[in-house]
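Asker: Questions regarding the structure given below will be posed in turn.
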Amino acid sequence: MKIKIYYHQTDCGGVVYYANYLKFLEEARTEFFESKGIFIKELVKQGVQFVVARQEIDYKAPAFYGDTLSIDTRLNEVGGVKLDFAYEIKNQEGQIVSAARTVMVCVNGNLKPQAIPEEVRNKLEK
């Protein structure tokens with residue numbers, strides 16, 4: 001996924017504000033799911049949600065206003081109830097600006113852990 005950095009995503013020095021990377025990762029996960037034919041809005045209607053249980057981000061270099069970043073999203077593991085995502089965010093020169101990991105847990109409508117539905121698991125493992 002590619003994302004262009006706008007002024008509102010930066011701090012007073014023109015550097016991407018660190019917390020905005022969480023938004024970038026959320027968008028990248030959504031694109032990843034949709035590329036596999038999985039639509040979060042439809043899952044929620046079925047009582048299936050994925051919530052963030054753990055988030056790690058390593059900031060390697062700054063990204064700036066006007067940059068275009070590419071976000072490579074990989075699914076490292078599909079467990080019984082969890083998904084383990086890894087990301088590499090690079091600037092237009094190919095320099096890594098951030099590396100991240102997200103562990104998500106599948107929950108029901110009451111936010112209690114539940115097994116990842118077989119249909120979802122099959123799409124993710126393709």
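Simple scheme: letters A, B, ... for chains in structure tokens order, numbers from 1 for residues in each chain, numbers from 1 for ligands in the order shown.
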Where does stretch 58-126 of chain A meet stretch 19-22 of chain A within 10 Å, residue by residue, with the nearest atom pair and distance in Å to one decimal for each, counting only C-alpha atoms, listed by chain and rising number, as CSV?

Answerer:
```
residue,atom,partner,partner_atom,distance
A:Tyr59,CA,A:Tyr21,CA,9.6
A:Ile89,CA,A:Tyr21,CA,9.3
A:Ser98,CA,A:Tyr21,CA,8.6
A:Ala100,CA,A:Tyr21,CA,9.2
A:Thr102,CA,A:Leu22,CA,9.8
```

Asker: Write the residues you've just listed into a file as a PDB file, in the first residue's frame, and include all heavy atoms for each of them.

Answerer:
```
ATOM      1  N   TYR A  59      10.970   2.869  15.080  1.00  0.00           N
ATOM      2  CA  TYR A  59      11.158   4.012  14.192  1.00  0.00           C
ATOM      3  C   TYR A  59      12.625   4.052  13.784  1.00  0.00           C
ATOM      4  O   TYR A  59      13.503   4.222  14.620  1.00  0.00           O
ATOM      5  CB  TYR A  59      10.743   5.302  14.899  1.00  0.00           C
ATOM      6  CG  TYR A  59       9.295   5.269  15.345  1.00  0.00           C
ATOM      7  CD1 TYR A  59       8.958   4.959  16.655  1.00  0.00           C
ATOM      8  CD2 TYR A  59       8.276   5.521  14.448  1.00  0.00           C
ATOM      9  CE1 TYR A  59       7.639   4.911  17.067  1.00  0.00           C
ATOM     10  CE2 TYR A  59       6.943   5.477  14.849  1.00  0.00           C
ATOM     11  CZ  TYR A  59       6.633   5.171  16.153  1.00  0.00           C
ATOM     12  OH  TYR A  59       5.319   5.128  16.553  1.00  0.00           O
ATOM     13  N   ILE A  89       7.796  -0.236   6.487  1.00  0.00           N
ATOM     14  CA  ILE A  89       7.396   1.025   5.862  1.00  0.00           C
ATOM     15  C   ILE A  89       8.646   1.681   5.301  1.00  0.00           C
ATOM     16  O   ILE A  89       9.615   1.904   6.031  1.00  0.00           O
ATOM     17  CB  ILE A  89       6.690   1.955   6.875  1.00  0.00           C
ATOM     18  CG1 ILE A  89       5.465   1.244   7.466  1.00  0.00           C
ATOM     19  CG2 ILE A  89       6.299   3.271   6.203  1.00  0.00           C
ATOM     20  CD1 ILE A  89       4.772   2.009   8.570  1.00  0.00           C
ATOM     21  N   SER A  98      10.236   2.630   9.200  1.00  0.00           N
ATOM     22  CA  SER A  98       9.615   2.002  10.355  1.00  0.00           C
ATOM     23  C   SER A  98       9.391   0.518  10.082  1.00  0.00           C
ATOM     24  O   SER A  98       9.117   0.124   8.955  1.00  0.00           O
ATOM     25  CB  SER A  98       8.280   2.677  10.662  1.00  0.00           C
ATOM     26  OG  SER A  98       7.669   2.101  11.786  1.00  0.00           O
ATOM     27  N   ALA A 100       7.167  -2.726  12.040  1.00  0.00           N
ATOM     28  CA  ALA A 100       6.155  -2.880  13.077  1.00  0.00           C
ATOM     29  C   ALA A 100       5.606  -4.298  13.100  1.00  0.00           C
ATOM     30  O   ALA A 100       5.783  -5.069  12.157  1.00  0.00           O
ATOM     31  CB  ALA A 100       5.018  -1.883  12.861  1.00  0.00           C
ATOM     32  N   THR A 102       1.910  -6.323  14.695  1.00  0.00           N
ATOM     33  CA  THR A 102       0.617  -6.243  15.363  1.00  0.00           C
ATOM     34  C   THR A 102       0.113  -7.646  15.613  1.00  0.00           C
ATOM     35  O   THR A 102       0.072  -8.464  14.693  1.00  0.00           O
ATOM     36  CB  THR A 102      -0.431  -5.505  14.490  1.00  0.00           C
ATOM     37  OG1 THR A 102       0.078  -4.242  14.087  1.00  0.00           O
ATOM     38  CG2 THR A 102      -1.732  -5.315  15.242  1.00  0.00           C
TER      39      THR A 102
END
```

Asker: Could you write out, as a compact mmCIF listing (two decimals) with C-alpha atoms, in the first residue's frame, all the residues of stretch 28-120 of chain A that DSSP marks as strand (DSSP E or B)?

Answerer:
```txt
# COMPACT_ATOMS: atom_id res chain seq x y z
CA GLN A 49 -14.08 -8.84 15.04
CA PHE A 50 -10.32 -8.56 15.29
CA VAL A 51 -8.89 -6.40 18.07
CA VAL A 52 -5.32 -5.31 18.64
CA ALA A 53 -3.75 -7.20 21.54
CA ARG A 54 -0.15 -6.08 21.01
CA GLN A 55 1.54 -3.37 18.95
CA GLU A 56 5.26 -2.86 18.39
CA ILE A 57 6.82 -0.11 16.28
CA ASP A 58 10.48 0.57 15.65
CA TYR A 59 11.16 4.01 14.19
CA PHE A 64 8.43 14.01 6.04
CA THR A 68 5.21 8.85 -0.34
CA LEU A 69 5.53 5.80 1.86
CA SER A 70 5.02 2.18 0.87
CA ILE A 71 3.77 -0.26 3.48
CA ASP A 72 4.52 -3.94 2.99
CA THR A 73 2.14 -6.03 5.11
CA ARG A 74 2.77 -9.70 5.83
CA LEU A 75 0.85 -12.20 7.88
CA ASN A 76 3.44 -14.16 9.87
CA GLU A 77 1.10 -16.47 11.74
CA VAL A 78 -2.52 -17.56 11.83
CA LYS A 82 -4.75 -14.73 16.83
CA LEU A 83 -3.18 -13.14 13.79
CA ASP A 84 0.42 -11.91 13.81
CA PHE A 85 1.15 -9.17 11.25
CA ALA A 86 4.53 -7.67 10.31
CA TYR A 87 5.09 -4.47 8.36
CA GLU A 88 7.93 -2.63 6.71
CA ILE A 89 7.40 1.02 5.86
CA LYS A 90 9.76 2.57 3.32
CA ILE A 96 13.10 1.75 5.88
CA VAL A 97 11.49 4.40 8.09
CA SER A 98 9.62 2.00 10.35
CA ALA A 99 9.14 -1.68 11.10
CA ALA A 100 6.15 -2.88 13.08
CA ARG A 101 4.28 -5.88 14.38
CA THR A 102 0.62 -6.24 15.36
CA VAL A 103 -0.94 -9.18 17.18
CA MET A 104 -4.71 -9.29 16.76
CA VAL A 105 -7.23 -11.50 18.54
CA CYS A 106 -10.51 -12.70 17.07
CA VAL A 107 -13.43 -11.84 19.36
CA PRO A 113 -11.98 -14.45 22.33
```

Asker: Taking only C-alpha atoms into account, which of A:Lys4, A:Lys45, A:Lys60, A:Lys112 comes nearest A:Phe24?

Answerer: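 Distance minimum relative to A:Phe24 lands on A:Lys4.
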
Asker: Could you give me, as a PyMOL selection string, the residues within 12 Å of A:Ile38, counting only C-alpha atoms and dropping anything in the same chain fewer than 2 positions from it?

Answerer: chain A and resi 29-36+40-44+48-50+117+119-124

Asker: Next, dump the selected residues to file, keeping only N, CA, C and O atoms, as a PDB file, in the first residue's frame.

Answerer:
```pdb
ATOM      1  N   ARG A  29      -3.649  -2.992   7.106  1.00  0.00           N
ATOM      2  CA  ARG A  29      -4.323  -4.256   7.448  1.00  0.00           C
ATOM      3  C   ARG A  29      -5.648  -4.379   6.727  1.00  0.00           C
ATOM      4  O   ARG A  29      -6.000  -5.450   6.223  1.00  0.00           O
ATOM      5  N   THR A  30      -6.391  -3.289   6.675  1.00  0.00           N
ATOM      6  CA  THR A  30      -7.677  -3.318   5.977  1.00  0.00           C
ATOM      7  C   THR A  30      -7.470  -3.672   4.509  1.00  0.00           C
ATOM      8  O   THR A  30      -8.193  -4.505   3.961  1.00  0.00           O
ATOM      9  N   GLU A  31      -6.487  -3.047   3.873  1.00  0.00           N
ATOM     10  CA  GLU A  31      -6.182  -3.355   2.473  1.00  0.00           C
ATOM     11  C   GLU A  31      -5.748  -4.811   2.325  1.00  0.00           C
ATOM     12  O   GLU A  31      -6.121  -5.486   1.353  1.00  0.00           O
ATOM     13  N   PHE A  32      -4.960  -5.311   3.276  1.00  0.00           N
ATOM     14  CA  PHE A  32      -4.524  -6.710   3.241  1.00  0.00           C
ATOM     15  C   PHE A  32      -5.736  -7.635   3.297  1.00  0.00           C
ATOM     16  O   PHE A  32      -5.865  -8.564   2.492  1.00  0.00           O
ATOM     17  N   PHE A  33      -6.623  -7.411   4.274  1.00  0.00           N
ATOM     18  CA  PHE A  33      -7.828  -8.242   4.395  1.00  0.00           C
ATOM     19  C   PHE A  33      -8.633  -8.211   3.095  1.00  0.00           C
ATOM     20  O   PHE A  33      -9.043  -9.258   2.587  1.00  0.00           O
ATOM     21  N   GLU A  34      -8.867  -7.018   2.565  1.00  0.00           N
ATOM     22  CA  GLU A  34      -9.682  -6.903   1.361  1.00  0.00           C
ATOM     23  C   GLU A  34      -9.023  -7.575   0.160  1.00  0.00           C
ATOM     24  O   GLU A  34      -9.715  -8.130  -0.693  1.00  0.00           O
ATOM     25  N   SER A  35      -7.691  -7.570   0.108  1.00  0.00           N
ATOM     26  CA  SER A  35      -6.997  -8.250  -0.992  1.00  0.00           C
ATOM     27  C   SER A  35      -7.212  -9.761  -0.930  1.00  0.00           C
ATOM     28  O   SER A  35      -7.044 -10.462  -1.922  1.00  0.00           O
ATOM     29  N   LYS A  36      -7.579 -10.256   0.250  1.00  0.00           N
ATOM     30  CA  LYS A  36      -7.860 -11.683   0.443  1.00  0.00           C
ATOM     31  C   LYS A  36      -9.363 -11.987   0.356  1.00  0.00           C
ATOM     32  O   LYS A  36      -9.778 -13.115   0.604  1.00  0.00           O
ATOM     33  N   ILE A  40     -14.097  -6.444   6.650  1.00  0.00           N
ATOM     34  CA  ILE A  40     -14.309  -6.298   8.093  1.00  0.00           C
ATOM     35  C   ILE A  40     -15.759  -5.942   8.420  1.00  0.00           C
ATOM     36  O   ILE A  40     -16.337  -6.489   9.362  1.00  0.00           O
ATOM     37  N   LYS A  41     -16.351  -5.058   7.654  1.00  0.00           N
ATOM     38  CA  LYS A  41     -17.733  -4.633   7.915  1.00  0.00           C
ATOM     39  C   LYS A  41     -18.686  -5.838   7.880  1.00  0.00           C
ATOM     40  O   LYS A  41     -19.589  -5.942   8.703  1.00  0.00           O
ATOM     41  N   GLU A  42     -18.448  -6.749   6.947  1.00  0.00           N
ATOM     42  CA  GLU A  42     -19.283  -7.948   6.847  1.00  0.00           C
ATOM     43  C   GLU A  42     -19.036  -8.897   8.024  1.00  0.00           C
ATOM     44  O   GLU A  42     -19.969  -9.508   8.543  1.00  0.00           O
ATOM     45  N   LEU A  43     -17.779  -9.021   8.443  1.00  0.00           N
ATOM     46  CA  LEU A  43     -17.470  -9.882   9.588  1.00  0.00           C
ATOM     47  C   LEU A  43     -18.159  -9.391  10.857  1.00  0.00           C
ATOM     48  O   LEU A  43     -18.689 -10.183  11.633  1.00  0.00           O
ATOM     49  N   VAL A  44     -18.155  -8.072  11.054  1.00  0.00           N
ATOM     50  CA  VAL A  44     -18.779  -7.497  12.255  1.00  0.00           C
ATOM     51  C   VAL A  44     -20.269  -7.856  12.295  1.00  0.00           C
ATOM     52  O   VAL A  44     -20.811  -8.195  13.350  1.00  0.00           O
ATOM     53  N   VAL A  48     -18.032 -11.272  14.264  1.00  0.00           N
ATOM     54  CA  VAL A  48     -16.600 -11.569  14.251  1.00  0.00           C
ATOM     55  C   VAL A  48     -15.835 -10.258  14.138  1.00  0.00           C
ATOM     56  O   VAL A  48     -16.087  -9.466  13.225  1.00  0.00           O
ATOM     57  N   GLN A  49     -14.922 -10.039  15.076  1.00  0.00           N
ATOM     58  CA  GLN A  49     -14.083  -8.840  15.045  1.00  0.00           C
ATOM     59  C   GLN A  49     -12.651  -9.233  15.367  1.00  0.00           C
ATOM     60  O   GLN A  49     -12.410 -10.250  16.007  1.00  0.00           O
ATOM     61  N   PHE A  50     -11.722  -8.395  14.921  1.00  0.00           N
ATOM     62  CA  PHE A  50     -10.320  -8.564  15.294  1.00  0.00           C
ATOM     63  C   PHE A  50      -9.896  -7.319  16.054  1.00  0.00           C
ATOM     64  O   PHE A  50     -10.088  -6.202  15.568  1.00  0.00           O
ATOM     65  N   PRO A 117     -12.974 -17.953  12.290  1.00  0.00           N
ATOM     66  CA  PRO A 117     -13.832 -18.795  11.451  1.00  0.00           C
ATOM     67  C   PRO A 117     -13.025 -19.470  10.324  1.00  0.00           C
ATOM     68  O   PRO A 117     -12.111 -18.873   9.765  1.00  0.00           O
ATOM     69  N   GLU A 119     -13.714 -20.163   7.278  1.00  0.00           N
ATOM     70  CA  GLU A 119     -13.743 -19.453   5.983  1.00  0.00           C
ATOM     71  C   GLU A 119     -12.697 -18.337   5.954  1.00  0.00           C
ATOM     72  O   GLU A 119     -12.002 -18.148   4.953  1.00  0.00           O
ATOM     73  N   VAL A 120     -12.576 -17.604   7.037  1.00  0.00           N
ATOM     74  CA  VAL A 120     -11.590 -16.530   7.132  1.00  0.00           C
ATOM     75  C   VAL A 120     -10.181 -17.116   7.129  1.00  0.00           C
ATOM     76  O   VAL A 120      -9.294 -16.649   6.415  1.00  0.00           O
ATOM     77  N   ARG A 121      -9.990 -18.164   7.907  1.00  0.00           N
ATOM     78  CA  ARG A 121      -8.674 -18.820   7.979  1.00  0.00           C
ATOM     79  C   ARG A 121      -8.238 -19.300   6.595  1.00  0.00           C
ATOM     80  O   ARG A 121      -7.091 -19.096   6.189  1.00  0.00           O
ATOM     81  N   ASN A 122      -9.152 -19.922   5.858  1.00  0.00           N
ATOM     82  CA  ASN A 122      -8.803 -20.422   4.519  1.00  0.00           C
ATOM     83  C   ASN A 122      -8.375 -19.298   3.591  1.00  0.00           C
ATOM     84  O   ASN A 122      -7.412 -19.447   2.827  1.00  0.00           O
ATOM     85  N   LYS A 123      -9.069 -18.178   3.631  1.00  0.00           N
ATOM     86  CA  LYS A 123      -8.707 -17.042   2.781  1.00  0.00           C
ATOM     87  C   LYS A 123      -7.361 -16.464   3.181  1.00  0.00           C
ATOM     88  O   LYS A 123      -6.571 -16.065   2.324  1.00  0.00           O
ATOM     89  N   LEU A 124      -7.089 -16.404   4.468  1.00  0.00           N
ATOM     90  CA  LEU A 124      -5.828 -15.842   4.944  1.00  0.00           C
ATOM     91  C   LEU A 124      -4.647 -16.740   4.610  1.00  0.00           C
ATOM     92  O   LEU A 124      -3.544 -16.248   4.377  1.00  0.00           O
TER      93      LEU A 124
END
```

Asker: Given the choices A:Val81, A:Ala63, A:Ile3, A:Leu25, which gets closest to A:Ile116 if the distance is worked out from only C-alpha atoms?

Answerer: A:Val81

Asker: Just how far from atom CA of A:Ala115 is atom CA of A:Gln46, in Å to one decimal?

Answerer: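 Result for atom CA of A:Gln46 versus atom CA of A:Ala115: 13.4 Å, one decimal.
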
Asker: Can you work out the spacing between atom CA of A:Gly47 and atom CA of A:Ala28 in Å, to one decimal?

Answerer: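 Going from atom CA of A:Gly47 over to atom CA of A:Ala28 covers 22.4 Å.
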